[in-house]
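query-v4.pdb (PDB, C-alpha atoms) appears below.
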```
ATOM      1  CA  MET D   1     -41.229-118.950  85.000
ATOM      2  CA  SER D   2     -38.252-119.084  82.732
ATOM      3  CA  ALA D   3     -35.479-116.549  82.816
ATOM      4  CA  VAL D   4     -34.325-114.855  79.682
ATOM      5  CA  SER D   5     -30.588-114.766  79.359
ATOM      6  CA  THR D   6     -28.170-113.546  76.792
ATOM      7  CA  ARG D   7     -24.880-115.137  76.023
ATOM      8  CA  PRO D   8     -21.734-113.104  76.484
ATOM      9  CA  GLY D   9     -20.796-111.400  73.252
ATOM     10  CA  THR D  10     -24.375-111.227  71.999
ATOM     11  CA  PRO D  11     -24.901-107.731  70.668
ATOM     12  CA  SER D  12     -27.481-105.708  72.528
ATOM     13  CA  ALA D  13     -30.054-103.542  70.780
ATOM     14  CA  PRO D  14     -28.365-100.833  68.771
ATOM     15  CA  ALA D  15     -27.974 -97.517  70.531
ATOM     16  CA  PRO D  16     -30.046 -94.689  69.044
ATOM     17  CA  ALA D  17     -28.205 -93.027  66.221
ATOM     18  CA  ARG D  18     -26.445 -89.912  67.413
ATOM     19  CA  ARG D  19     -27.361 -86.791  65.583
ATOM     20  CA  ASP D  20     -24.536 -85.587  63.379
ATOM     21  CA  ALA D  21     -23.532 -82.306  65.023
ATOM     22  CA  GLU D  22     -22.313 -80.674  61.812
ATOM     23  CA  ALA D  23     -25.476 -81.620  59.915
ATOM     24  CA  THR D  24     -27.566 -80.264  62.774
ATOM     25  CA  LYS D  25     -25.659 -76.976  62.833
ATOM     26  CA  ALA D  26     -26.075 -76.685  59.063
ATOM     27  CA  ALA D  27     -29.834 -77.292  59.362
ATOM     28  CA  ILE D  28     -30.103 -74.616  62.048
ATOM     29  CA  LEU D  29     -28.174 -72.113  59.928
ATOM     30  CA  ARG D  30     -30.317 -72.919  56.869
ATOM     31  CA  ALA D  31     -33.477 -72.389  58.894
ATOM     32  CA  ALA D  32     -32.226 -69.099  60.320
ATOM     33  CA  ARG D  33     -31.193 -67.866  56.875
ATOM     34  CA  HIS D  34     -34.595 -68.787  55.463
ATOM     35  CA  LEU D  35     -36.373 -66.861  58.217
ATOM     36  CA  LEU D  36     -34.017 -63.891  58.018
ATOM     37  CA  ALA D  37     -34.786 -63.558  54.317
ATOM     38  CA  ARG D  38     -38.487 -63.248  55.108
ATOM     39  CA  HIS D  39     -38.819 -61.557  58.489
ATOM     40  CA  ALA D  40     -37.258 -58.783  60.488
ATOM     41  CA  HIS D  41     -34.512 -59.988  62.827
ATOM     42  CA  ALA D  42     -36.442 -58.772  65.885
ATOM     43  CA  ASP D  43     -39.485 -60.843  64.891
ATOM     44  CA  ILE D  44     -37.618 -64.159  64.681
ATOM     45  CA  THR D  45     -37.484 -66.302  67.816
ATOM     46  CA  LEU D  46     -35.266 -69.267  68.580
ATOM     47  CA  LYS D  47     -38.471 -71.317  68.687
ATOM     48  CA  ASP D  48     -39.186 -70.301  65.071
ATOM     49  CA  VAL D  49     -35.707 -71.388  64.023
ATOM     50  CA  ALA D  50     -35.962 -74.632  65.995
ATOM     51  CA  GLU D  51     -39.295 -75.557  64.449
ATOM     52  CA  ARG D  52     -38.052 -74.918  60.925
ATOM     53  CA  ALA D  53     -34.821 -76.854  61.553
ATOM     54  CA  GLY D  54     -36.585 -79.746  63.294
ATOM     55  CA  VAL D  55     -34.587 -79.387  66.505
ATOM     56  CA  SER D  56     -35.195 -78.085  70.006
ATOM     57  CA  ALA D  57     -34.463 -74.507  71.033
ATOM     58  CA  PRO D  58     -32.077 -75.705  73.792
ATOM     59  CA  LEU D  59     -30.034 -77.484  71.108
ATOM     60  CA  ILE D  60     -29.608 -74.175  69.285
ATOM     61  CA  LEU D  61     -28.365 -72.641  72.525
ATOM     62  CA  LYS D  62     -25.942 -75.528  72.959
ATOM     63  CA  TYR D  63     -24.408 -75.027  69.506
ATOM     64  CA  PHE D  64     -24.601 -71.252  69.119
ATOM     65  CA  GLY D  65     -24.909 -69.801  72.621
ATOM     66  CA  ASN D  66     -27.728 -67.329  72.002
ATOM     67  CA  LYS D  67     -29.796 -65.695  69.283
ATOM     68  CA  ASP D  68     -27.258 -62.944  68.649
ATOM     69  CA  SER D  69     -24.431 -65.447  68.149
ATOM     70  CA  LEU D  70     -26.576 -67.523  65.800
ATOM     71  CA  PHE D  71     -27.503 -64.534  63.688
ATOM     72  CA  ALA D  72     -23.937 -63.252  63.641
ATOM     73  CA  ARG D  73     -23.102 -66.492  61.818
ATOM     74  CA  VAL D  74     -26.145 -66.153  59.560
ATOM     75  CA  MET D  75     -25.172 -62.601  58.641
ATOM     76  CA  SER D  76     -21.692 -63.683  57.612
ATOM     77  CA  PHE D  77     -21.093 -64.343  53.927
ATOM     78  CA  ASP D  78     -17.600 -65.815  54.278
ATOM     79  CA  THR D  79     -18.468 -69.493  53.655
ATOM     80  CA  ASP D  80     -20.885 -68.679  50.827
ATOM     81  CA  ALA D  81     -18.394 -66.300  49.258
ATOM     82  CA  ALA D  82     -15.646 -68.919  49.329
ATOM     83  CA  ALA D  83     -17.823 -71.295  47.289
ATOM     84  CA  LEU D  84     -19.087 -68.512  45.014
ATOM     85  CA  LEU D  85     -15.554 -67.395  44.138
ATOM     86  CA  ASP D  86     -14.018 -70.869  43.892
ATOM     87  CA  ALA D  87     -12.999 -70.917  40.219
ATOM     88  CA  PRO D  88     -10.167 -69.613  38.050
ATOM     89  CA  LEU D  89     -10.651 -65.970  37.113
ATOM     90  CA  ASP D  90     -11.089 -66.717  33.398
ATOM     91  CA  ASP D  91     -14.124 -68.949  34.137
ATOM     92  CA  LEU D  92     -15.399 -67.183  37.234
ATOM     93  CA  GLY D  93     -18.410 -65.472  35.633
ATOM     94  CA  ARG D  94     -19.878 -68.737  34.421
ATOM     95  CA  HIS D  95     -19.077 -70.447  37.732
ATOM     96  CA  MET D  96     -20.815 -67.743  39.759
ATOM     97  CA  VAL D  97     -23.938 -67.930  37.588
ATOM     98  CA  ARG D  98     -24.080 -71.708  38.026
ATOM     99  CA  HIS D  99     -23.520 -71.360  41.762
ATOM    100  CA  VAL D 100     -26.368 -68.886  42.210
ATOM    101  CA  LEU D 101     -28.822 -71.021  40.207
ATOM    102  CA  GLU D 102     -27.762 -74.356  41.701
ATOM    103  CA  SER D 103     -28.001 -72.938  45.223
ATOM    104  CA  GLN D 104     -31.552 -71.788  44.505
ATOM    105  CA  ARG D 105     -32.546 -75.043  42.833
ATOM    106  CA  ASP D 106     -30.893 -77.481  45.225
ATOM    107  CA  ARG D 107     -31.067 -75.686  48.579
ATOM    108  CA  GLY D 108     -33.740 -73.059  48.016
ATOM    109  CA  ALA D 109     -31.219 -70.453  49.148
ATOM    110  CA  ASP D 110     -29.237 -67.946  47.155
ATOM    111  CA  PRO D 111     -25.798 -67.151  48.573
ATOM    112  CA  LEU D 112     -26.288 -63.454  47.784
ATOM    113  CA  LEU D 113     -29.991 -62.707  48.142
ATOM    114  CA  ARG D 114     -29.867 -62.181  51.917
ATOM    115  CA  ILE D 115     -28.511 -58.721  51.168
ATOM    116  CA  VAL D 116     -31.764 -57.760  49.431
ATOM    117  CA  PHE D 117     -33.561 -57.964  52.769
ATOM    118  CA  ALA D 118     -31.055 -55.882  54.764
ATOM    119  CA  PRO D 119     -33.479 -52.931  55.083
ATOM    120  CA  LEU D 120     -35.765 -55.152  57.186
ATOM    121  CA  HIS D 121     -33.197 -55.572  59.907
ATOM    122  CA  GLY D 122     -32.377 -52.115  61.302
ATOM    123  CA  ASP D 123     -28.905 -52.069  62.857
ATOM    124  CA  HIS D 124     -28.485 -55.732  61.967
ATOM    125  CA  GLY D 125     -28.974 -54.685  58.342
ATOM    126  CA  ASP D 126     -25.860 -52.538  58.655
ATOM    127  CA  VAL D 127     -23.934 -55.604  59.823
ATOM    128  CA  LEU D 128     -25.322 -57.617  56.922
ATOM    129  CA  ARG D 129     -24.269 -54.931  54.420
ATOM    130  CA  ALA D 130     -20.784 -54.598  55.916
ATOM    131  CA  ASN D 131     -20.256 -58.364  55.835
ATOM    132  CA  PHE D 132     -21.552 -58.551  52.269
ATOM    133  CA  ARG D 133     -19.149 -55.866  51.104
ATOM    134  CA  ALA D 134     -16.178 -57.423  52.876
ATOM    135  CA  HIS D 135     -16.815 -61.102  52.142
ATOM    136  CA  VAL D 136     -18.266 -60.875  48.634
ATOM    137  CA  VAL D 137     -17.608 -57.589  46.834
ATOM    138  CA  ASP D 138     -14.195 -56.733  48.284
ATOM    139  CA  ALA D 139     -13.030 -60.355  48.038
ATOM    140  CA  LEU D 140     -14.004 -60.406  44.374
ATOM    141  CA  ALA D 141     -12.373 -57.016  43.703
ATOM    142  CA  ALA D 142      -9.121 -58.267  45.253
ATOM    143  CA  ARG D 143      -8.933 -60.946  42.549
ATOM    144  CA  LEU D 144      -9.369 -58.546  39.643
ATOM    145  CA  THR D 145      -6.620 -56.849  37.675
ATOM    146  CA  GLY D 146      -6.841 -53.791  35.483
ATOM    147  CA  PRO D 147      -8.706 -50.528  35.990
ATOM    148  CA  ASP D 148     -11.557 -49.936  38.451
ATOM    149  CA  PRO D 149     -11.603 -53.367  40.101
ATOM    150  CA  ASP D 150     -13.953 -52.188  42.886
ATOM    151  CA  LEU D 151     -16.533 -50.843  40.442
ATOM    152  CA  ARG D 152     -16.273 -53.898  38.200
ATOM    153  CA  ALA D 153     -16.755 -56.198  41.195
ATOM    154  CA  GLU D 154     -19.891 -54.287  42.217
ATOM    155  CA  LEU D 155     -21.262 -54.456  38.673
ATOM    156  CA  ALA D 156     -20.624 -58.212  38.438
ATOM    157  CA  VAL D 157     -22.275 -58.840  41.806
ATOM    158  CA  ALA D 158     -25.210 -56.625  40.787
ATOM    159  CA  GLN D 159     -25.744 -58.857  37.749
ATOM    160  CA  LEU D 160     -25.747 -61.952  39.953
ATOM    161  CA  ILE D 161     -28.192 -60.416  42.424
ATOM    162  CA  GLY D 162     -30.488 -59.501  39.528
ATOM    163  CA  LEU D 163     -30.354 -63.083  38.306
ATOM    164  CA  GLY D 164     -31.074 -64.373  41.794
ATOM    165  CA  VAL D 165     -34.039 -62.016  42.205
ATOM    166  CA  MET D 166     -35.489 -63.025  38.846
ATOM    167  CA  TYR D 167     -35.062 -66.706  39.615
ATOM    168  CA  GLY D 168     -35.886 -66.856  43.319
ATOM    169  CA  ILE D 169     -38.209 -63.920  44.025
ATOM    170  CA  ALA D 170     -39.881 -62.911  40.748
ATOM    171  CA  ARG D 171     -39.774 -66.608  39.789
ATOM    172  CA  GLY D 172     -39.478 -65.962  36.062
ATOM    173  CA  PRO D 173     -41.098 -69.057  34.566
ATOM    174  CA  ARG D 174     -38.906 -69.295  31.481
ATOM    175  CA  LEU D 175     -35.722 -68.828  33.478
ATOM    176  CA  ARG D 176     -36.827 -71.356  36.096
ATOM    177  CA  ASP D 177     -37.949 -73.904  33.507
ATOM    178  CA  SER D 178     -34.731 -73.453  31.548
ATOM    179  CA  ALA D 179     -32.596 -73.564  34.671
ATOM    180  CA  ALA D 180     -34.347 -76.695  35.894
ATOM    181  CA  ALA D 181     -33.691 -78.337  32.552
ATOM    182  CA  ASP D 182     -30.171 -77.077  31.974
ATOM    183  CA  ILE D 183     -28.417 -74.635  34.284
ATOM    184  CA  GLY D 184     -25.355 -75.027  32.072
ATOM    185  CA  ASP D 185     -27.224 -73.385  29.193
ATOM    186  CA  ILE D 186     -28.179 -70.388  31.334
ATOM    187  CA  ALA D 187     -24.572 -70.145  32.557
ATOM    188  CA  ASP D 188     -23.383 -70.174  28.937
ATOM    189  CA  ARG D 189     -25.763 -67.334  28.062
ATOM    190  CA  TYR D 190     -25.416 -65.160  31.184
ATOM    191  CA  GLY D 191     -21.881 -65.999  32.286
ATOM    192  CA  PRO D 192     -20.158 -63.947  29.561
ATOM    193  CA  ALA D 193     -22.014 -60.798  30.675
ATOM    194  CA  VAL D 194     -20.688 -61.261  34.204
ATOM    195  CA  GLN D 195     -17.260 -62.252  32.900
ATOM    196  CA  ALA D 196     -17.044 -59.005  30.903
ATOM    197  CA  GLN D 197     -16.715 -57.152  34.226
ATOM    198  CA  LEU D 198     -14.137 -59.571  35.586
ATOM    199  CA  THR D 199     -11.772 -59.745  32.624
ATOM    200  CA  PRO D 200     -12.635 -56.785  30.368
TER
END
```
Written form, C-alpha coordinates:
Amino acid sequence: MSAVSTRPGTPSAPAPARRDAEATKAAILRAARHLLARHAHADITLKDVAERAGVSAPLILKYFGNKDSLFARVMSFDTDAAALLDAPLDDLGRHMVRHVLESQRDRGADPLLRIVFAPLHGDHGDVLRANFRAHVVDALAARLTGPDPDLRAELAVAQLIGLGVMYGIARGPRLRDSAAADIGDIADRYGPAVQAQLTP
(Lines of atoms letter the chains of each structure in order from A and count residues from 1; the text may use other names and numbers.)
(Lines give C-alpha, C1' and ligand atoms only; values in the text may rest on other atoms or scores of the structure.)
Protein backbone atom coordinates (compact mmCIF):
# COMPACT_ATOMS: atom_id res chain seq x y z
CA MET A 1 0.00 0.00 0.00
CA SER A 2 1.58 3.23 -1.04
CA ALA A 3 1.28 6.41 0.93
CA VAL A 4 0.21 9.60 -0.70
CA SER A 5 2.35 12.53 0.25
CA THR A 6 2.49 16.14 -0.68
CA ARG A 7 5.62 18.16 -0.93
CA PRO A 8 5.99 21.19 1.30
CA GLY A 9 4.77 24.28 -0.49
CA THR A 10 2.29 22.37 -2.65
CA PRO A 11 -0.96 24.30 -2.55
CA SER A 12 -3.84 22.45 -0.97
CA ALA A 13 -7.34 22.47 -2.43
CA PRO A 14 -8.73 25.97 -2.52
CA ALA A 15 -10.84 26.96 0.45
CA PRO A 16 -14.52 27.52 -0.36
CA ALA A 17 -15.11 31.04 -1.52
CA ARG A 18 -16.32 33.21 1.32
CA ARG A 19 -19.58 34.92 0.70
CA ASP A 20 -19.13 38.64 0.20
CA ALA A 21 -20.87 40.11 3.25
CA GLU A 22 -21.86 43.36 1.54
CA ALA A 23 -23.30 41.54 -1.48
CA THR A 24 -25.22 39.25 0.85
CA LYS A 25 -26.64 42.17 2.83
CA ALA A 26 -27.65 43.86 -0.42
CA ALA A 27 -29.41 40.69 -1.61
CA ILE A 28 -31.29 40.43 1.68
CA LEU A 29 -32.38 44.07 1.49
CA ARG A 30 -33.48 43.63 -2.15
CA ALA A 31 -35.52 40.58 -1.21
CA ALA A 32 -37.14 42.34 1.73
CA ARG A 33 -37.97 45.38 -0.39
CA HIS A 34 -39.50 43.16 -3.07
CA LEU A 35 -41.70 41.42 -0.50
CA LEU A 36 -42.63 44.64 1.28
CA ALA A 37 -43.88 46.06 -2.01
CA ARG A 38 -46.25 43.12 -2.40
CA HIS A 39 -47.30 42.00 1.08
CA ALA A 40 -48.25 43.47 4.41
CA HIS A 41 -45.31 43.75 6.81
CA ALA A 42 -47.00 41.40 9.30
CA ASP A 43 -47.36 38.69 6.64
CA ILE A 44 -43.66 38.59 5.73
CA THR A 45 -41.45 36.13 7.60
CA LEU A 46 -37.68 35.96 7.78
CA LYS A 47 -37.99 32.60 6.02
CA ASP A 48 -39.73 34.35 3.09
CA VAL A 49 -36.93 36.89 2.87
CA ALA A 50 -34.26 34.20 3.18
CA GLU A 51 -35.76 32.09 0.42
CA ARG A 52 -36.01 35.04 -1.95
CA ALA A 53 -32.45 36.17 -1.15
CA GLY A 54 -31.00 32.66 -1.39
CA VAL A 55 -29.63 32.70 2.15
CA SER A 56 -30.52 31.14 5.48
CA ALA A 57 -32.74 32.86 8.04
CA PRO A 58 -29.97 32.67 10.69
CA LEU A 59 -27.72 34.64 8.32
CA ILE A 60 -30.31 37.42 8.23
CA LEU A 61 -30.31 37.45 12.02
CA LYS A 62 -26.52 37.64 12.01
CA TYR A 63 -26.47 40.70 9.74
CA PHE A 64 -29.60 42.54 10.86
CA GLY A 65 -30.43 41.27 14.35
CA ASN A 66 -34.16 40.69 13.91
CA LYS A 67 -37.08 41.30 11.57
CA ASP A 68 -37.79 44.76 12.94
CA SER A 69 -34.19 45.89 12.42
CA LEU A 70 -34.19 44.50 8.88
CA PHE A 71 -37.39 46.28 7.97
CA ALA A 72 -36.25 49.51 9.59
CA ARG A 73 -33.46 49.49 6.99
CA VAL A 74 -35.88 48.55 4.21
CA MET A 75 -38.21 51.39 5.16
CA SER A 76 -35.41 53.93 4.96
CA PHE A 77 -35.05 55.87 1.73
CA ASP A 78 -31.73 57.55 2.56
CA THR A 79 -29.46 55.49 0.27
CA ASP A 80 -31.96 55.50 -2.60
CA ALA A 81 -32.54 59.22 -2.20
CA ALA A 82 -28.82 59.95 -2.31
CA ALA A 83 -28.56 58.25 -5.71
CA LEU A 84 -31.82 59.77 -6.95
CA LEU A 85 -30.69 63.31 -6.12
CA ASP A 86 -27.07 62.90 -7.23
CA ALA A 87 -26.94 65.44 -10.07
CA PRO A 88 -26.55 69.19 -10.50
CA LEU A 89 -29.84 71.03 -10.00
CA ASP A 90 -30.04 72.19 -13.63
CA ASP A 91 -30.02 68.56 -14.86
CA LEU A 92 -31.74 66.93 -11.90
CA GLY A 93 -35.12 66.33 -13.56
CA ARG A 94 -33.62 64.32 -16.38
CA HIS A 95 -31.33 62.46 -13.97
CA MET A 96 -34.21 61.47 -11.70
CA VAL A 97 -36.26 60.17 -14.64
CA ARG A 98 -33.32 58.07 -15.83
CA HIS A 99 -32.73 56.79 -12.30
CA VAL A 100 -36.32 55.66 -11.84
CA LEU A 101 -36.42 53.85 -15.20
CA GLU A 102 -32.95 52.31 -14.92
CA SER A 103 -33.71 51.07 -11.40
CA GLN A 104 -36.86 49.38 -12.70
CA ARG A 105 -35.14 47.94 -15.76
CA ASP A 106 -31.89 46.81 -14.15
CA ARG A 107 -32.93 45.87 -10.61
CA GLY A 108 -36.69 45.44 -10.90
CA ALA A 109 -37.05 47.96 -8.07
CA ASP A 110 -38.10 51.57 -8.14
CA PRO A 111 -36.44 53.76 -5.50
CA LEU A 112 -39.75 55.54 -4.85
CA LEU A 113 -42.52 53.01 -5.43
CA ARG A 114 -42.33 51.49 -1.94
CA ILE A 115 -44.33 54.48 -0.76
CA VAL A 116 -47.29 53.42 -2.91
CA PHE A 117 -47.75 50.37 -0.70
CA ALA A 118 -47.58 52.19 2.65
CA PRO A 119 -51.32 51.66 3.33
CA LEU A 120 -50.66 47.91 3.51
CA HIS A 121 -48.39 48.24 6.50
CA GLY A 122 -50.41 49.78 9.35
CA ASP A 123 -48.13 51.57 11.81
CA HIS A 124 -45.13 50.58 9.71
CA GLY A 125 -46.76 52.51 6.87
CA ASP A 126 -46.52 55.64 9.00
CA VAL A 127 -42.78 55.02 9.39
CA LEU A 128 -42.45 54.49 5.64
CA ARG A 129 -44.28 57.76 4.91
CA ALA A 130 -42.22 59.72 7.45
CA ASN A 131 -38.96 58.37 6.04
CA PHE A 132 -40.10 59.10 2.49
CA ARG A 133 -40.92 62.69 3.34
CA ALA A 134 -37.65 63.25 5.18
CA HIS A 135 -35.26 61.41 2.87
CA VAL A 136 -36.80 62.19 -0.51
CA VAL A 137 -39.24 65.11 -0.53
CA ASP A 138 -37.64 67.29 2.16
CA ALA A 139 -34.13 66.55 0.87
CA LEU A 140 -35.20 67.63 -2.61
CA ALA A 141 -36.97 70.75 -1.30
CA ALA A 142 -33.80 71.76 0.57
CA ARG A 143 -31.97 71.97 -2.77
CA LEU A 144 -34.53 74.22 -4.44
CA THR A 145 -34.47 78.00 -4.56
CA GLY A 146 -37.32 80.37 -5.28
CA PRO A 147 -40.93 80.31 -4.14
CA ASP A 148 -42.77 77.29 -2.70
CA PRO A 149 -39.87 74.82 -2.68
CA ASP A 150 -41.82 72.29 -0.57
CA LEU A 151 -44.78 72.25 -2.95
CA ARG A 152 -42.55 72.10 -6.02
CA ALA A 153 -40.61 69.18 -4.53
CA GLU A 154 -43.86 67.29 -3.89
CA LEU A 155 -45.06 67.96 -7.44
CA ALA A 156 -41.76 66.77 -8.95
CA VAL A 157 -41.79 63.60 -6.84
CA ALA A 158 -45.44 63.01 -7.76
CA GLN A 159 -44.44 63.07 -11.44
CA LEU A 160 -41.71 60.51 -10.79
CA ILE A 161 -44.04 58.23 -8.84
CA GLY A 162 -46.55 58.42 -11.69
CA LEU A 163 -43.84 57.43 -14.13
CA GLY A 164 -42.77 54.57 -11.89
CA VAL A 165 -46.35 53.32 -11.54
CA MET A 166 -46.91 53.45 -15.30
CA TYR A 167 -43.65 51.64 -15.98
CA GLY A 168 -43.51 49.13 -13.12
CA ILE A 169 -47.12 48.48 -12.08
CA ALA A 170 -49.38 49.36 -15.03
CA ARG A 171 -46.55 48.16 -17.30
CA GLY A 172 -47.41 50.52 -20.14
CA PRO A 173 -46.17 48.62 -23.19
CA ARG A 174 -45.09 51.63 -25.23
CA LEU A 175 -43.26 53.18 -22.30
CA ARG A 176 -41.57 49.89 -21.43
CA ASP A 177 -40.62 49.14 -25.03
CA SER A 178 -39.30 52.67 -25.50
CA ALA A 179 -37.48 52.63 -22.18
CA ALA A 180 -35.91 49.27 -22.95
CA ALA A 181 -34.70 50.63 -26.27
CA ASP A 182 -33.64 54.07 -25.13
CA ILE A 183 -34.17 55.37 -21.60
CA GLY A 184 -32.33 58.51 -22.68
CA ASP A 185 -35.15 59.34 -25.09
CA ILE A 186 -37.78 59.01 -22.35
CA ALA A 187 -35.62 61.15 -20.05
CA ASP A 188 -35.39 63.79 -22.78
CA ARG A 189 -39.17 63.83 -23.16
CA TYR A 190 -40.23 63.57 -19.49
CA GLY A 191 -37.28 65.21 -17.75
CA PRO A 192 -38.23 68.78 -18.71
CA ALA A 193 -41.67 68.37 -17.09
CA VAL A 194 -40.00 67.37 -13.82
CA GLN A 195 -37.34 70.05 -14.24
CA ALA A 196 -40.04 72.73 -14.58
CA GLN A 197 -40.82 72.20 -10.88
CA LEU A 198 -37.18 72.27 -9.86
CA THR A 199 -36.03 75.37 -11.71
CA PRO A 200 -39.19 77.26 -12.73
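Checking D:Gly125, D:Arg143, D:Ala134, D:Gln104 one by one against Arg171 of chain D, counting all atoms listed in the file, you find the shortest gap at D:Gln104.
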### Task
To verify the selection step, state as a VMD selection string which residues the PyMOL selection byres ((chain D and resi 159) around 12) yields on this input.
chain D and resid 93 to 94 96 to 97 100 112 to 113 152 to 158 160 to 166 190 to 198
### Task
Give me the result of the PyMOL selection byres ((chain D and resi 128) around 9) on this file, residue by residue, as a ChimeraX atom specification.
/D:72,74-77,114-115,118,121,123-127,129-133
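Minimum atom-to-atom distances from D:Arg38, D:Asp78, D:Ala32, D:Ser103 to Glu51 of chain D were compared using all atoms listed in the file, and the lowest value belongs to D:Ala32.
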Padding 8 Å on every side, please: axis-aligned box over the listed atoms of segment 78-95 of chain D, centre and edge lengths to one decimal in Å, as AutoDock Vina command-line options.
```
--center_x -15.5 --center_y -68.4 --center_z 43.8 --size_x 26.7 --size_y 21.8 --size_z 36.9
```
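The coordinates place atom CA of Ala187 of chain D at 5.7 Å from atom CA of Arg98 of chain D.
The protein and nucleic acid residues lying at most 12 Å from Glu102 of chain D are Ala83, Leu84, His95, Met96, Val97, Arg98, His99, Arg105, Asp106, Arg107, Gly108, Ala109, Asp110, Pro111, Gly164, Tyr167, Gly168, Arg176, Ala179, Ala180, Ala181, Asp182, Ile183, Gly184, Ile186 and Ala187 of chain D, with only C-alpha atoms considered and sequence neighbours fewer than 3 positions away removed.
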### Query
Quick one, how far is atom CA of Lys25 of chain D from atom CA of Leu92 of chain D?
29.3 Å
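Between atom CA of Ala170 of chain D and atom CA of Thr199 of chain D the interatomic distance comes to 29.4 Å.
Minimum atom-to-atom distances from D:Ser56, D:Thr145, D:Ser69, D:Thr45 to Leu89 of chain D were compared using only C-alpha atoms, and the lowest value belongs to D:Thr145.
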### Message
Need the shell around Ala53 of chain D: protein/DNA/RNA residues with any atom at most 7 Å away, counting all atoms listed in the file. Skip same-chain ones fewer than 5 positions apart. Format as a list in words?
### Response
Ala27, Ile28 and Ala31 of chain D
#### Entry: Residues returned when the PyMOL selection byres ((chain D and resi 41) around 9) runs on this file, as a PyMOL selection string
chain D and resi 35-36+39-40+42-45+71+120-122+124-125
#### Entry: Of the listed residues D:Ala26, D:Ala82, D:Val116, D:Ala57, that which approaches Ile169 of chain D most closely, counting all atoms listed in the file
D:Val116
